[in-house]
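Have a look at my_file-v5.cif; it's mmCIF, N, CA and C atoms:
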data_final
loop_
_atom_site.label_atom_id
_atom_site.label_comp_id
_atom_site.auth_asym_id
_atom_site.auth_seq_id
_atom_site.Cartn_x
_atom_site.Cartn_y
_atom_site.Cartn_z
N MET A 1 28.83 16.33 17.58
CA MET A 1 27.83 15.64 18.36
C MET A 1 26.45 15.91 17.76
N ILE A 2 25.66 14.87 17.63
CA ILE A 2 24.32 15.01 17.05
C ILE A 2 23.37 15.52 18.13
N GLU A 3 22.71 16.58 17.80
CA GLU A 3 21.75 17.16 18.72
C GLU A 3 20.45 16.36 18.68
N LYS A 4 19.77 16.30 19.81
CA LYS A 4 18.48 15.60 19.90
C LYS A 4 17.49 16.19 18.89
N GLN A 5 17.53 17.48 18.72
CA GLN A 5 16.62 18.14 17.79
C GLN A 5 16.86 17.66 16.35
N ASP A 6 18.11 17.43 15.96
CA ASP A 6 18.42 16.94 14.62
C ASP A 6 17.88 15.53 14.42
N ILE A 7 17.96 14.70 15.45
CA ILE A 7 17.43 13.35 15.35
C ILE A 7 15.92 13.40 15.14
N LEU A 8 15.25 14.25 15.91
CA LEU A 8 13.79 14.36 15.76
C LEU A 8 13.42 14.91 14.39
N LYS A 9 14.20 15.84 13.90
CA LYS A 9 13.90 16.45 12.61
C LYS A 9 13.97 15.43 11.48
N ASN A 10 14.84 14.43 11.62
CA ASN A 10 15.04 13.45 10.57
C ASN A 10 14.36 12.11 10.84
N SER A 11 13.58 12.02 11.89
CA SER A 11 12.98 10.74 12.24
C SER A 11 11.78 10.44 11.36
N PHE A 12 11.46 9.15 11.29
CA PHE A 12 10.32 8.69 10.48
C PHE A 12 9.02 9.31 10.97
N GLU A 13 8.89 9.46 12.29
CA GLU A 13 7.65 9.96 12.86
C GLU A 13 7.36 11.39 12.43
N THR A 14 8.39 12.17 12.16
CA THR A 14 8.18 13.56 11.79
C THR A 14 8.21 13.78 10.29
N SER A 15 8.48 12.73 9.52
CA SER A 15 8.51 12.90 8.07
C SER A 15 7.08 13.02 7.55
N PRO A 16 6.89 13.76 6.47
CA PRO A 16 5.54 13.93 5.94
C PRO A 16 4.99 12.60 5.42
N VAL A 17 3.72 12.38 5.66
CA VAL A 17 3.07 11.15 5.21
C VAL A 17 2.75 11.30 3.73
N GLN A 18 3.11 10.28 2.97
CA GLN A 18 2.81 10.32 1.54
C GLN A 18 1.33 10.04 1.33
N THR A 19 0.70 10.86 0.52
CA THR A 19 -0.72 10.66 0.23
C THR A 19 -0.98 10.60 -1.27
N LYS A 20 0.10 10.59 -2.05
CA LYS A 20 -0.04 10.58 -3.50
C LYS A 20 0.90 9.54 -4.08
N LEU A 21 0.37 8.76 -5.01
CA LEU A 21 1.19 7.77 -5.70
C LEU A 21 1.88 8.42 -6.89
N THR A 22 3.16 8.16 -7.02
CA THR A 22 3.90 8.64 -8.17
C THR A 22 3.32 7.99 -9.42
N GLY A 23 3.11 8.77 -10.43
CA GLY A 23 2.55 8.26 -11.67
C GLY A 23 1.08 8.59 -11.84
N PHE A 24 0.48 9.13 -10.78
CA PHE A 24 -0.94 9.49 -10.83
C PHE A 24 -1.10 10.92 -10.34
N GLY A 25 -1.94 11.67 -11.04
CA GLY A 25 -2.19 13.06 -10.65
C GLY A 25 -2.95 13.18 -9.35
N ASP A 26 -3.89 12.26 -9.13
CA ASP A 26 -4.68 12.28 -7.90
C ASP A 26 -5.31 10.91 -7.67
N TYR A 27 -6.09 10.81 -6.61
CA TYR A 27 -6.70 9.52 -6.26
C TYR A 27 -7.65 9.05 -7.35
N GLN A 28 -8.38 9.96 -7.98
CA GLN A 28 -9.33 9.57 -9.02
C GLN A 28 -8.62 8.94 -10.22
N GLU A 29 -7.46 9.45 -10.55
CA GLU A 29 -6.69 8.86 -11.65
C GLU A 29 -6.22 7.45 -11.28
N TYR A 30 -5.74 7.29 -10.03
CA TYR A 30 -5.38 5.95 -9.55
C TYR A 30 -6.59 5.03 -9.61
N LEU A 31 -7.73 5.52 -9.15
CA LEU A 31 -8.93 4.69 -9.09
C LEU A 31 -9.34 4.21 -10.48
N GLY A 32 -9.31 5.10 -11.45
CA GLY A 32 -9.65 4.70 -12.82
C GLY A 32 -8.70 3.64 -13.36
N TYR A 33 -7.41 3.83 -13.09
CA TYR A 33 -6.41 2.88 -13.58
C TYR A 33 -6.55 1.53 -12.87
N SER A 34 -6.70 1.56 -11.56
CA SER A 34 -6.79 0.31 -10.82
C SER A 34 -8.07 -0.45 -11.17
N LYS A 35 -9.15 0.27 -11.43
CA LYS A 35 -10.39 -0.40 -11.84
C LYS A 35 -10.25 -1.03 -13.22
N SER A 36 -9.38 -0.48 -14.05
CA SER A 36 -9.15 -1.08 -15.37
C SER A 36 -8.35 -2.37 -15.26
N LEU A 37 -7.62 -2.53 -14.16
CA LEU A 37 -6.79 -3.72 -13.97
C LEU A 37 -7.46 -4.80 -13.13
N PHE A 38 -8.18 -4.38 -12.09
CA PHE A 38 -8.67 -5.34 -11.10
C PHE A 38 -10.18 -5.24 -10.92
N LYS A 39 -10.76 -6.35 -10.57
CA LYS A 39 -12.18 -6.42 -10.22
C LYS A 39 -12.26 -6.61 -8.71
N LEU A 40 -12.21 -5.51 -7.98
CA LEU A 40 -12.23 -5.54 -6.53
C LEU A 40 -13.54 -4.98 -6.00
N GLU A 41 -13.78 -5.21 -4.72
CA GLU A 41 -14.91 -4.58 -4.05
C GLU A 41 -14.57 -3.10 -3.89
N PRO A 42 -15.59 -2.22 -3.85
CA PRO A 42 -15.31 -0.78 -3.79
C PRO A 42 -14.34 -0.36 -2.68
N GLU A 43 -14.47 -0.91 -1.47
CA GLU A 43 -13.58 -0.51 -0.38
C GLU A 43 -12.17 -1.07 -0.54
N GLU A 44 -12.01 -2.09 -1.37
CA GLU A 44 -10.68 -2.68 -1.56
C GLU A 44 -9.75 -1.79 -2.38
N TYR A 45 -10.31 -0.93 -3.21
CA TYR A 45 -9.46 -0.01 -3.98
C TYR A 45 -8.73 0.95 -3.05
N GLN A 46 -9.40 1.42 -1.99
CA GLN A 46 -8.74 2.29 -1.01
C GLN A 46 -7.69 1.50 -0.25
N GLY A 47 -8.00 0.26 0.10
CA GLY A 47 -7.03 -0.58 0.79
C GLY A 47 -5.79 -0.83 -0.05
N LEU A 48 -6.00 -1.10 -1.35
CA LEU A 48 -4.86 -1.29 -2.26
C LEU A 48 -4.04 -0.01 -2.37
N PHE A 49 -4.71 1.12 -2.42
CA PHE A 49 -4.03 2.41 -2.47
C PHE A 49 -3.11 2.58 -1.27
N ASN A 50 -3.61 2.23 -0.07
CA ASN A 50 -2.80 2.34 1.15
C ASN A 50 -1.60 1.41 1.10
N VAL A 51 -1.79 0.19 0.59
CA VAL A 51 -0.69 -0.76 0.46
C VAL A 51 0.35 -0.21 -0.52
N LEU A 52 -0.11 0.33 -1.63
CA LEU A 52 0.81 0.89 -2.62
C LEU A 52 1.59 2.08 -2.08
N LEU A 53 0.94 2.90 -1.24
CA LEU A 53 1.66 4.01 -0.61
C LEU A 53 2.80 3.49 0.25
N LYS A 54 2.56 2.42 0.99
CA LYS A 54 3.61 1.84 1.83
C LYS A 54 4.73 1.25 0.98
N LEU A 55 4.36 0.56 -0.09
CA LEU A 55 5.38 0.01 -0.98
C LEU A 55 6.21 1.13 -1.61
N GLN A 56 5.55 2.20 -2.00
CA GLN A 56 6.25 3.34 -2.58
C GLN A 56 7.21 3.96 -1.57
N SER A 57 6.81 3.98 -0.30
CA SER A 57 7.67 4.59 0.73
C SER A 57 8.96 3.81 0.96
N ILE A 58 9.00 2.55 0.52
CA ILE A 58 10.24 1.76 0.63
C ILE A 58 10.91 1.58 -0.73
N GLY A 59 10.50 2.43 -1.69
CA GLY A 59 11.21 2.47 -2.96
C GLY A 59 10.60 1.69 -4.10
N GLN A 60 9.45 1.10 -3.90
CA GLN A 60 8.81 0.34 -4.98
C GLN A 60 7.95 1.27 -5.84
N ASP A 61 7.93 1.04 -7.11
CA ASP A 61 7.10 1.81 -8.04
C ASP A 61 5.67 1.28 -7.99
N ALA A 62 4.72 2.15 -7.71
CA ALA A 62 3.32 1.73 -7.54
C ALA A 62 2.74 1.15 -8.83
N VAL A 63 3.03 1.77 -9.96
CA VAL A 63 2.49 1.27 -11.23
C VAL A 63 3.06 -0.11 -11.54
N GLN A 64 4.36 -0.27 -11.35
CA GLN A 64 4.98 -1.58 -11.61
C GLN A 64 4.44 -2.64 -10.65
N ALA A 65 4.20 -2.26 -9.41
CA ALA A 65 3.63 -3.21 -8.44
C ALA A 65 2.23 -3.63 -8.88
N MET A 66 1.44 -2.68 -9.38
CA MET A 66 0.09 -3.02 -9.84
C MET A 66 0.15 -3.93 -11.07
N LEU A 67 1.07 -3.66 -11.97
CA LEU A 67 1.20 -4.52 -13.15
C LEU A 67 1.64 -5.92 -12.78
N LEU A 68 2.52 -6.03 -11.79
CA LEU A 68 2.93 -7.34 -11.30
C LEU A 68 1.75 -8.07 -10.66
N LEU A 69 0.99 -7.35 -9.85
CA LEU A 69 -0.21 -7.95 -9.25
C LEU A 69 -1.20 -8.38 -10.33
N LYS A 70 -1.34 -7.56 -11.35
CA LYS A 70 -2.27 -7.89 -12.45
C LYS A 70 -1.84 -9.17 -13.14
N SER A 71 -0.55 -9.34 -13.34
CA SER A 71 -0.08 -10.55 -14.02
C SER A 71 -0.41 -11.80 -13.21
N ASN A 72 -0.60 -11.62 -11.90
CA ASN A 72 -0.96 -12.74 -11.03
C ASN A 72 -2.44 -12.76 -10.67
N ALA A 73 -3.18 -11.73 -11.04
CA ALA A 73 -4.57 -11.61 -10.60
C ALA A 73 -5.57 -12.25 -11.56
N ASP A 74 -5.08 -12.87 -12.60
CA ASP A 74 -6.01 -13.50 -13.54
C ASP A 74 -6.63 -14.76 -12.95
N ASP A 75 -6.03 -15.27 -11.91
CA ASP A 75 -6.66 -16.39 -11.21
C ASP A 75 -7.03 -15.93 -9.80
N ASP A 76 -7.78 -16.74 -9.09
CA ASP A 76 -8.25 -16.35 -7.76
C ASP A 76 -7.12 -16.12 -6.78
N ASP A 77 -5.98 -16.81 -6.96
CA ASP A 77 -4.86 -16.65 -6.03
C ASP A 77 -4.32 -15.23 -6.05
N GLY A 78 -4.31 -14.59 -7.21
CA GLY A 78 -3.83 -13.22 -7.30
C GLY A 78 -4.69 -12.26 -6.51
N TYR A 79 -6.00 -12.44 -6.58
CA TYR A 79 -6.90 -11.59 -5.82
C TYR A 79 -6.78 -11.90 -4.33
N ASP A 80 -6.53 -13.15 -3.99
CA ASP A 80 -6.32 -13.50 -2.58
C ASP A 80 -5.08 -12.79 -2.04
N LEU A 81 -4.04 -12.69 -2.86
CA LEU A 81 -2.82 -11.99 -2.44
C LEU A 81 -3.12 -10.51 -2.19
N ILE A 82 -3.84 -9.88 -3.08
CA ILE A 82 -4.20 -8.47 -2.91
C ILE A 82 -5.00 -8.30 -1.62
N ARG A 83 -5.97 -9.15 -1.42
CA ARG A 83 -6.81 -9.05 -0.21
C ARG A 83 -6.00 -9.32 1.06
N PHE A 84 -5.05 -10.25 0.98
CA PHE A 84 -4.19 -10.51 2.14
C PHE A 84 -3.36 -9.28 2.46
N MET A 85 -2.77 -8.65 1.45
CA MET A 85 -1.95 -7.46 1.68
C MET A 85 -2.79 -6.35 2.31
N ILE A 86 -4.03 -6.19 1.84
CA ILE A 86 -4.91 -5.17 2.40
C ILE A 86 -5.21 -5.49 3.86
N GLN A 87 -5.53 -6.75 4.14
CA GLN A 87 -5.85 -7.15 5.51
C GLN A 87 -4.63 -6.99 6.42
N PHE A 88 -3.48 -7.42 5.95
CA PHE A 88 -2.25 -7.32 6.73
C PHE A 88 -1.93 -5.86 7.02
N ASP A 89 -2.11 -5.00 6.04
CA ASP A 89 -1.83 -3.57 6.19
C ASP A 89 -2.74 -2.96 7.26
N GLY A 90 -3.95 -3.47 7.39
CA GLY A 90 -4.89 -2.92 8.35
C GLY A 90 -4.71 -3.43 9.77
N MET A 91 -3.82 -4.37 9.98
CA MET A 91 -3.61 -4.93 11.31
C MET A 91 -2.63 -4.08 12.10
N ASP A 92 -2.77 -4.11 13.42
CA ASP A 92 -1.76 -3.45 14.24
C ASP A 92 -0.73 -4.49 14.66
N MET A 93 0.35 -4.05 15.24
CA MET A 93 1.45 -4.97 15.58
C MET A 93 1.02 -6.08 16.54
N GLY A 94 0.12 -5.77 17.46
CA GLY A 94 -0.37 -6.78 18.39
C GLY A 94 -1.10 -7.90 17.66
N ASP A 95 -1.92 -7.53 16.68
CA ASP A 95 -2.62 -8.54 15.88
C ASP A 95 -1.64 -9.41 15.11
N ILE A 96 -0.62 -8.79 14.57
CA ILE A 96 0.38 -9.52 13.78
C ILE A 96 1.16 -10.49 14.67
N GLN A 97 1.55 -10.02 15.85
CA GLN A 97 2.28 -10.91 16.76
C GLN A 97 1.41 -12.08 17.19
N THR A 98 0.13 -11.83 17.45
CA THR A 98 -0.79 -12.91 17.83
C THR A 98 -0.91 -13.91 16.70
N MET A 99 -1.07 -13.42 15.48
CA MET A 99 -1.22 -14.29 14.32
C MET A 99 0.03 -15.14 14.13
N LEU A 100 1.20 -14.55 14.27
CA LEU A 100 2.45 -15.28 14.04
C LEU A 100 2.75 -16.27 15.15
N SER A 101 2.28 -16.03 16.36
CA SER A 101 2.58 -16.93 17.47
C SER A 101 1.60 -18.08 17.58
N SER A 102 0.51 -18.04 16.83
CA SER A 102 -0.45 -19.15 16.91
C SER A 102 -0.21 -20.23 15.88
#
Rewrite the structure of this file - the entire thing - as structure tokens.
Amino acid sequence: MIEKQDILKNSFETSPVQTKLTGFGDYQEYLGYSKSLFKLEPEEYQGLFNVLLKLQSIGQDAVQAMLLLKSNADDDDGYDLIRFMIQFDGMDMGDIQTMLSS
């Protein structure tokens, strides 16, 4: 029988939050690399970092994701996609449900 304590120990809510992207020593290294790829507003680099952390948490490689975004970012649509992902990441579930139902 699974104990309640075991369920809590293994739940998503109790798992450590990832704050580092694989492939980068620290945030400054990520920032230098991402600035070499993209021409974003200063606050958008942090937003992209947060999106990449979420992608990494579901098994996606952050560097490969950035290279894929770069291949699409040479036109305005690619930057629109990055900005959409940042905006979507910053929304709460209520905002998302409202957006989808309208």
Just checking: using all atoms listed in the file, which residue out of A:Gln46, A:Gln60, A:Lys20, A:Ala65 ends up closest to A:Ile86?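 Among the listed residues, A:Gln46 lies closest to A:Ile86.
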Find the residue from A:Leu21, A:Leu68, A:Leu31, A:Leu40 that sits nearest to A:Gln56; use only N, CA and C atoms when measuring.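 Under the stated criterion, the closest residue is A:Leu21.
Minimum atom-to-atom distance to A:Met91, evaluated using only C-alpha atoms, belongs to A:Gly47 out of A:Gly23, A:Gly59, A:Pro42, A:Gly47.
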Considering only C-alpha atoms, state which residue in the set A:Asn50, A:Tyr27, A:Met85, A:Thr22 is at the smallest distance from A:Gln64.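 Closest to A:Gln64 of all the choices is A:Thr22.
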To one decimal place in Å, what is the distance between atom C of A:Ile58 and atom C of A:Ser101?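 Separation of atom C of A:Ile58 and atom C of A:Ser101: 28.4 Å.
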Written record: stretch 32-46 of chain A, all heavy atoms, as a short mmCIF file (atom, residue, chain, number, x, y, z; two decimals), in the first residue's frame:
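Done, and the output landed in part_37.cif:
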data_model
loop_
_atom_site.label_atom_id
_atom_site.label_comp_id
_atom_site.auth_asym_id
_atom_site.auth_seq_id
_atom_site.Cartn_x
_atom_site.Cartn_y
_atom_site.Cartn_z
N GLY A 32 24.80 35.65 -22.20
CA GLY A 32 25.74 35.94 -23.28
C GLY A 32 25.41 35.16 -24.55
O GLY A 32 25.43 35.70 -25.65
N TYR A 33 25.07 33.88 -24.37
CA TYR A 33 24.74 33.04 -25.52
C TYR A 33 23.44 33.49 -26.18
O TYR A 33 23.36 33.60 -27.40
CB TYR A 33 24.65 31.58 -25.08
CG TYR A 33 24.41 30.62 -26.22
CD1 TYR A 33 25.43 30.34 -27.14
CD2 TYR A 33 23.19 30.01 -26.40
CE1 TYR A 33 25.22 29.46 -28.19
CE2 TYR A 33 22.97 29.13 -27.45
CZ TYR A 33 23.98 28.86 -28.35
OH TYR A 33 23.77 28.00 -29.39
N SER A 34 22.43 33.74 -25.37
CA SER A 34 21.14 34.13 -25.94
C SER A 34 21.23 35.49 -26.63
O SER A 34 20.59 35.71 -27.66
CB SER A 34 20.04 34.12 -24.88
OG SER A 34 20.31 35.03 -23.85
N LYS A 35 22.04 36.39 -26.09
CA LYS A 35 22.22 37.70 -26.74
C LYS A 35 22.95 37.55 -28.08
O LYS A 35 22.76 38.37 -28.97
CB LYS A 35 22.96 38.67 -25.82
CG LYS A 35 22.08 39.21 -24.72
CD LYS A 35 22.80 40.24 -23.87
CE LYS A 35 21.86 40.86 -22.87
NZ LYS A 35 22.50 41.91 -22.07
N SER A 36 23.77 36.52 -28.20
CA SER A 36 24.45 36.30 -29.48
C SER A 36 23.49 35.76 -30.54
O SER A 36 23.75 35.89 -31.73
CB SER A 36 25.64 35.34 -29.30
OG SER A 36 25.20 34.00 -29.13
N LEU A 37 22.38 35.17 -30.10
CA LEU A 37 21.41 34.60 -31.03
C LEU A 37 20.25 35.53 -31.34
O LEU A 37 19.77 35.58 -32.47
CB LEU A 37 20.82 33.30 -30.46
CG LEU A 37 21.75 32.12 -30.30
CD1 LEU A 37 21.00 30.96 -29.65
CD2 LEU A 37 22.34 31.70 -31.63
N PHE A 38 19.77 36.25 -30.32
CA PHE A 38 18.53 37.00 -30.46
C PHE A 38 18.70 38.47 -30.13
O PHE A 38 19.52 38.83 -29.29
CB PHE A 38 17.46 36.42 -29.51
CG PHE A 38 17.25 34.95 -29.64
CD1 PHE A 38 17.62 34.09 -28.63
CD2 PHE A 38 16.69 34.41 -30.79
CE1 PHE A 38 17.43 32.72 -28.74
CE2 PHE A 38 16.50 33.04 -30.92
CZ PHE A 38 16.88 32.20 -29.88
N LYS A 39 17.90 39.28 -30.76
CA LYS A 39 17.84 40.71 -30.47
C LYS A 39 16.53 40.96 -29.74
O LYS A 39 15.51 41.28 -30.34
CB LYS A 39 17.89 41.54 -31.76
CG LYS A 39 19.07 41.24 -32.65
CD LYS A 39 20.35 41.80 -32.05
CE LYS A 39 21.51 41.69 -33.01
NZ LYS A 39 22.40 40.59 -32.74
N LEU A 40 16.55 40.77 -28.42
CA LEU A 40 15.36 40.92 -27.60
C LEU A 40 15.50 42.15 -26.71
O LEU A 40 16.59 42.69 -26.54
CB LEU A 40 15.17 39.68 -26.72
CG LEU A 40 14.98 38.34 -27.43
CD1 LEU A 40 15.00 37.20 -26.41
CD2 LEU A 40 13.68 38.34 -28.21
N GLU A 41 14.37 42.54 -26.12
CA GLU A 41 14.39 43.59 -25.11
C GLU A 41 15.04 42.99 -23.85
O GLU A 41 14.97 41.78 -23.62
CB GLU A 41 12.97 44.05 -24.80
CG GLU A 41 12.27 44.70 -25.97
CD GLU A 41 12.94 45.99 -26.43
OE1 GLU A 41 13.40 46.77 -25.57
OE2 GLU A 41 13.02 46.21 -27.66
N PRO A 42 15.68 43.83 -23.02
CA PRO A 42 16.39 43.30 -21.85
C PRO A 42 15.56 42.36 -20.97
O PRO A 42 16.04 41.30 -20.55
CB PRO A 42 16.80 44.56 -21.09
CG PRO A 42 16.94 45.59 -22.16
CD PRO A 42 15.87 45.27 -23.16
N GLU A 43 14.30 42.70 -20.69
CA GLU A 43 13.48 41.86 -19.82
C GLU A 43 13.04 40.57 -20.51
O GLU A 43 12.68 39.59 -19.84
CB GLU A 43 12.27 42.63 -19.30
CG GLU A 43 11.25 42.99 -20.37
CD GLU A 43 11.55 44.26 -21.15
OE1 GLU A 43 12.58 44.91 -20.90
OE2 GLU A 43 10.74 44.59 -22.03
N GLU A 44 13.11 40.52 -21.83
CA GLU A 44 12.69 39.32 -22.55
C GLU A 44 13.69 38.17 -22.40
O GLU A 44 13.31 37.01 -22.51
CB GLU A 44 12.45 39.64 -24.03
CG GLU A 44 11.24 40.52 -24.24
CD GLU A 44 11.05 40.98 -25.66
OE1 GLU A 44 12.06 41.16 -26.39
OE2 GLU A 44 9.88 41.15 -26.06
N TYR A 45 14.94 38.48 -22.14
CA TYR A 45 15.92 37.41 -21.93
C TYR A 45 15.58 36.60 -20.68
O TYR A 45 15.72 35.38 -20.68
CB TYR A 45 17.35 37.97 -21.85
CG TYR A 45 17.83 38.51 -23.17
CD1 TYR A 45 17.87 39.88 -23.41
CD2 TYR A 45 18.23 37.64 -24.18
CE1 TYR A 45 18.30 40.38 -24.63
CE2 TYR A 45 18.66 38.13 -25.41
CZ TYR A 45 18.70 39.49 -25.63
OH TYR A 45 19.11 39.98 -26.84
N GLN A 46 15.12 37.27 -19.62
CA GLN A 46 14.70 36.54 -18.42
C GLN A 46 13.45 35.73 -18.71
O GLN A 46 13.32 34.59 -18.27
CB GLN A 46 14.43 37.51 -17.26
CG GLN A 46 13.95 36.82 -15.98
CD GLN A 46 14.98 35.90 -15.37
OE1 GLN A 46 16.13 36.27 -15.19
NE2 GLN A 46 14.59 34.67 -15.05
#
